[in-house]
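Participant: Below you'll find query-v8.pdb; it's PDB, C-alpha atoms, pLDDT in the B column.
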ATOM      1  CA  MET U   7      11.859  17.002  22.495  1.00 62.00           C
ATOM      2  CA  VAL U   8       8.833  17.877  24.613  1.00 58.00           C
ATOM      3  CA  ASN U   9       7.263  19.875  21.772  1.00 79.00           C
ATOM      4  CA  SER U  10       7.881  17.081  19.254  1.00 80.00           C
ATOM      5  CA  ASN U  11       6.349  14.525  21.633  1.00 84.00           C
ATOM      6  CA  ARG U  12       3.345  16.790  22.161  1.00 87.00           C
ATOM      7  CA  LYS U  13       3.044  17.332  18.402  1.00 86.00           C
ATOM      8  CA  GLY U  14       3.160  13.571  17.822  1.00 89.00           C
ATOM      9  CA  LYS U  15       0.456  12.889  20.404  1.00 92.00           C
ATOM     10  CA  THR U  16      -1.682  15.690  18.980  1.00 94.00           C
ATOM     11  CA  GLY U  17      -1.261  14.188  15.496  1.00 95.00           C
ATOM     12  CA  GLU U  18      -2.296  10.751  16.747  1.00 96.00           C
ATOM     13  CA  ARG U  19      -5.434  12.188  18.377  1.00 96.00           C
ATOM     14  CA  GLU U  20      -6.222  14.156  15.207  1.00 97.00           C
ATOM     15  CA  LEU U  21      -5.794  11.079  13.029  1.00 97.00           C
ATOM     16  CA  SER U  22      -7.959   8.995  15.383  1.00 97.00           C
ATOM     17  CA  LYS U  23     -10.719  11.587  15.127  1.00 98.00           C
ATOM     18  CA  ILE U  24     -10.511  11.501  11.317  1.00 98.00           C
ATOM     19  CA  PHE U  25     -10.737   7.702  11.276  1.00 98.00           C
ATOM     20  CA  ARG U  26     -13.786   7.871  13.583  1.00 98.00           C
ATOM     21  CA  SER U  27     -15.409  10.371  11.197  1.00 98.00           C
ATOM     22  CA  TYR U  28     -15.150   7.656   8.514  1.00 98.00           C
ATOM     23  CA  GLY U  29     -17.045   5.226  10.748  1.00 98.00           C
ATOM     24  CA  PHE U  30     -14.191   3.486  12.548  1.00 98.00           C
ATOM     25  CA  GLU U  31     -15.596   4.246  16.009  1.00 97.00           C
ATOM     26  CA  GLY U  32     -12.899   2.261  17.804  1.00 95.00           C
ATOM     27  CA  ALA U  33     -10.025   4.336  16.413  1.00 96.00           C
ATOM     28  CA  ARG U  34      -7.817   5.742  19.164  1.00 96.00           C
ATOM     29  CA  ARG U  35      -4.243   6.370  20.152  1.00 95.00           C
ATOM     30  CA  SER U  36      -2.574   3.192  21.241  1.00 91.00           C
ATOM     31  CA  GLN U  37      -1.293   3.010  24.785  1.00 73.00           C
ATOM     32  CA  GLN U  38       2.242   2.363  23.680  1.00 55.00           C
ATOM     33  CA  PHE U  39       5.266   3.194  25.739  1.00 47.00           C
ATOM     34  CA  ALA U  40       7.959   4.465  23.387  1.00 50.00           C
ATOM     35  CA  GLY U  41       7.297   1.622  20.965  1.00 49.00           C
ATOM     36  CA  ILE U  42       8.239  -1.075  23.472  1.00 52.00           C
ATOM     37  CA  ASN U  43       5.307  -3.280  22.419  1.00 63.00           C
ATOM     38  CA  ASN U  44       5.690  -2.490  18.697  1.00 68.00           C
ATOM     39  CA  ASP U  45       2.113  -1.247  18.826  1.00 86.00           C
ATOM     40  CA  ALA U  46       0.749   0.918  16.074  1.00 94.00           C
ATOM     41  CA  ASP U  47       0.439   4.621  16.926  1.00 95.00           C
ATOM     42  CA  VAL U  48      -3.282   4.531  16.160  1.00 96.00           C
ATOM     43  CA  VAL U  49      -5.441   1.424  16.480  1.00 96.00           C
ATOM     44  CA  GLY U  50      -8.988   0.666  15.392  1.00 96.00           C
ATOM     45  CA  LEU U  51      -8.596   0.037  11.655  1.00 97.00           C
ATOM     46  CA  PRO U  52      -8.805  -3.741  11.286  1.00 96.00           C
ATOM     47  CA  HIS U  53      -5.769  -5.301   9.600  1.00 96.00           C
ATOM     48  CA  ILE U  54      -3.954  -1.944   9.272  1.00 97.00           C
ATOM     49  CA  HIS U  55      -0.821  -1.036  11.210  1.00 97.00           C
ATOM     50  CA  VAL U  56      -0.813   2.780  11.428  1.00 98.00           C
ATOM     51  CA  GLU U  57       2.308   4.785  12.083  1.00 97.00           C
ATOM     52  CA  SER U  58       1.462   8.451  12.579  1.00 97.00           C
ATOM     53  CA  LYS U  59       4.103  11.058  11.779  1.00 97.00           C
ATOM     54  CA  ARG U  60       3.340  14.717  12.453  1.00 95.00           C
ATOM     55  CA  VAL U  61       6.663  16.286  11.486  1.00 94.00           C
ATOM     56  CA  GLU U  62       8.040  18.898   9.134  1.00 94.00           C
ATOM     57  CA  ARG U  63      10.842  16.655   7.867  1.00 95.00           C
ATOM     58  CA  LEU U  64      10.052  12.988   7.519  1.00 97.00           C
ATOM     59  CA  ASN U  65      12.404  10.215   6.541  1.00 97.00           C
ATOM     60  CA  ILE U  66       9.652   8.243   4.804  1.00 98.00           C
ATOM     61  CA  HIS U  67      11.866   5.219   4.124  1.00 98.00           C
ATOM     62  CA  GLN U  68      12.706   4.949   7.802  1.00 97.00           C
ATOM     63  CA  ALA U  69       9.017   5.270   8.693  1.00 97.00           C
ATOM     64  CA  ILE U  70       8.042   2.530   6.214  1.00 98.00           C
ATOM     65  CA  GLU U  71      10.788   0.291   7.627  1.00 97.00           C
ATOM     66  CA  GLN U  72       9.200   0.801  11.044  1.00 96.00           C
ATOM     67  CA  THR U  73       5.835  -0.437   9.746  1.00 96.00           C
ATOM     68  CA  ILE U  74       7.477  -3.456   8.122  1.00 96.00           C
ATOM     69  CA  ARG U  75       9.273  -4.279  11.358  1.00 96.00           C
ATOM     70  CA  ASP U  76       6.296  -3.710  13.681  1.00 95.00           C
ATOM     71  CA  LYS U  77       3.208  -4.906  11.794  1.00 96.00           C
ATOM     72  CA  ARG U  78       1.683  -8.319  12.319  1.00 95.00           C
ATOM     73  CA  ASP U  79       1.525 -10.915   9.532  1.00 94.00           C
ATOM     74  CA  ASN U  80      -2.144 -10.210   8.797  1.00 94.00           C
ATOM     75  CA  GLU U  81      -1.719  -6.422   8.658  1.00 96.00           C
ATOM     76  CA  LEU U  82      -0.940  -3.890   5.970  1.00 97.00           C
ATOM     77  CA  GLY U  83       1.380  -1.122   7.080  1.00 97.00           C
ATOM     78  CA  ILE U  84       0.736   2.550   6.460  1.00 98.00           C
ATOM     79  CA  VAL U  85       2.463   5.745   7.406  1.00 98.00           C
ATOM     80  CA  ALA U  86      -0.054   8.557   7.856  1.00 98.00           C
ATOM     81  CA  HIS U  87       1.845  11.825   7.812  1.00 98.00           C
ATOM     82  CA  ARG U  88       1.464  15.541   7.532  1.00 97.00           C
ATOM     83  CA  LYS U  89       3.319  18.806   7.970  1.00 95.00           C
ATOM     84  CA  ASN U  90       1.930  22.011   9.424  1.00 94.00           C
ATOM     85  CA  ARG U  91      -0.813  23.578   7.328  1.00 95.00           C
ATOM     86  CA  THR U  92      -1.189  20.542   5.043  1.00 97.00           C
ATOM     87  CA  GLY U  93      -3.568  17.611   4.822  1.00 97.00           C
ATOM     88  CA  TRP U  94      -2.824  14.051   5.833  1.00 98.00           C
ATOM     89  CA  LEU U  95      -1.128  11.727   3.353  1.00 98.00           C
ATOM     90  CA  VAL U  96      -0.777   7.949   3.453  1.00 98.00           C
ATOM     91  CA  THR U  97       2.337   6.157   2.239  1.00 98.00           C
ATOM     92  CA  MET U  98       2.642   2.412   1.974  1.00 98.00           C
ATOM     93  CA  GLN U  99       4.548  -0.295   0.127  1.00 98.00           C
ATOM     94  CA  LEU U 100       3.502  -0.696  -3.506  1.00 98.00           C
ATOM     95  CA  ASP U 101       2.759  -4.419  -3.249  1.00 97.00           C
ATOM     96  CA  GLU U 102       0.351  -3.831  -0.353  1.00 97.00           C
ATOM     97  CA  TRP U 103      -1.344  -0.939  -2.189  1.00 97.00           C
ATOM     98  CA  MET U 104      -1.748  -3.152  -5.273  1.00 98.00           C
ATOM     99  CA  GLU U 105      -3.477  -5.784  -3.140  1.00 95.00           C
ATOM    100  CA  ILE U 106      -5.960  -3.160  -1.913  1.00 96.00           C
ATOM    101  CA  TYR U 107      -6.510  -1.907  -5.463  1.00 97.00           C
ATOM    102  CA  LYS U 108      -7.128  -5.415  -6.824  1.00 97.00           C
ATOM    103  CA  ARG U 109      -9.734  -6.025  -4.114  1.00 94.00           C
ATOM    104  CA  TYR U 110     -11.336  -2.676  -4.926  1.00 96.00           C
ATOM    105  CA  LEU U 111     -11.607  -3.613  -8.613  1.00 96.00           C
ATOM    106  CA  ILE U 112     -13.212  -6.939  -7.730  1.00 96.00           C
ATOM    107  CA  THR U 113     -15.777  -5.088  -5.617  1.00 95.00           C
ATOM    108  CA  LEU U 114     -16.558  -2.735  -8.510  1.00 95.00           C
ATOM    109  CA  GLU U 115     -16.917  -5.610 -10.962  1.00 94.00           C
ATOM    110  CA  GLU U 116     -19.284  -7.429  -8.614  1.00 93.00           C
ATOM    111  CA  ALA U 117     -21.353  -4.269  -8.146  1.00 94.00           C
ATOM    112  CA  GLU U 118     -21.718  -3.916 -11.941  1.00 92.00           C
ATOM    113  CA  LYS U 119     -23.225  -7.403 -12.294  1.00 86.00           C
TER
END
Would you give me this structure, written as structure tokens?

Facilitator:
Amino acid sequence: MVNSNRKGKTGERELSKIFRSYGFEGARRSQQFAGINNDADVVGLPHIHVESKRVERLNIHQAIEQTIRDKRDNELGIVAHRKNRTGWLVTMQLDEWMEIYKRYLITLEEAEK
């Protein structure tokens, strides 16, 4: 349990650093206490509830259910996850991803004008 907790914290710090490298300077591990406050694992991405999972075997459906349960009404939920020796992946609900994609297309169309 200690190693898995340490691995989780290390993953959260790693993910925070990646988010900061993309310009989200406020990204950091949340100061949660075993999920008591339903806080995201990593904060600093506006309107995104981030659950970080740094495990070899992930029950992705359970992780997504956690984001659904814990996110605020104005947030999209993501599960950022990775195994050893692999890159980070993001999993989210299809309807939320489609909303992001539609907004992206609108931005592209406006840029082409």

Participant: Near U:Pro52, counting only C-alpha atoms, which residues have an atom at most 10 Å away, once you skip same-chain residues fewer than 4 positions from it, shown as a ChimeraX atom specification?

Facilitator: /U:30,32-33,80-82

Participant: Work out how far atom CA of U:Tyr28 is from atom CA of U:Ile70, in Å to one decimal.

Facilitator: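 Interatomic distance here is 23.9 Å.
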
Participant: Which residue, U:Leu111, U:Leu100, U:Ile74, U:Val49, has the smallest gap to U:Gln37 when you use all atoms listed in the file?

Facilitator: U:Val49

Participant: So what do you get for atom CA of U:Trp103 versus atom CA of U:Ser36, distance-wise?

Facilitator: 23.8 Å

Participant: Can you tell me how far atom CA of U:Met98 sits from atom CA of U:Ile54, in Å to one decimal?

Facilitator: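 So the two atoms, atom CA of U:Met98 and atom CA of U:Ile54, lie 10.8 Å apart.
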
Participant: Given the choices U:Glu71, U:Asp79, U:Glu20, U:Glu62, which gets closest to U:Gln99 if the distance is worked out from all atoms listed in the file?

Facilitator: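 Looking only at the distances to U:Gln99, the closest residue turns out to be U:Glu71.
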
Participant: To verify the selection step, state as a PDB file with C-alpha atoms, keeping the file's coordinate frame which residues the PyMOL selection byres ((chain U and resi 90-93) around 10) yields on this input.

Facilitator:
ATOM      1  CA  ARG U  60       3.340  14.717  12.453  1.00 95.00           C
ATOM      2  CA  VAL U  61       6.663  16.286  11.486  1.00 94.00           C
ATOM      3  CA  GLU U  62       8.040  18.898   9.134  1.00 94.00           C
ATOM      4  CA  HIS U  87       1.845  11.825   7.812  1.00 98.00           C
ATOM      5  CA  ARG U  88       1.464  15.541   7.532  1.00 97.00           C
ATOM      6  CA  LYS U  89       3.319  18.806   7.970  1.00 95.00           C
ATOM      7  CA  TRP U  94      -2.824  14.051   5.833  1.00 98.00           C
ATOM      8  CA  LEU U  95      -1.128  11.727   3.353  1.00 98.00           C
TER       9      LEU U  95
END

Participant: Using all atoms listed in the file, which of the listed residues (U:His67, U:Arg109, U:His55, U:Lys119) sits closest to U:Ile84?

Facilitator: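 Of all the options, U:His55 lies closest to U:Ile84.
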
Participant: Neighbours of stretch 7-16 of chain U within 10 Å (all atoms listed in the file; same-chain residues fewer than 6 positions away dropped), as a VMD selection string?

Facilitator: chain U and resid 22 35 47 58 to 61

Participant: Go through U:Val56, U:Ile112, U:Lys77, U:Ala117 one by one, measure the shortest atom-to-atom distance of each to U:Thr97 using all atoms listed in the file, and give the residue with the smallest value.

Facilitator: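 The closest residue to U:Thr97 is U:Val56.
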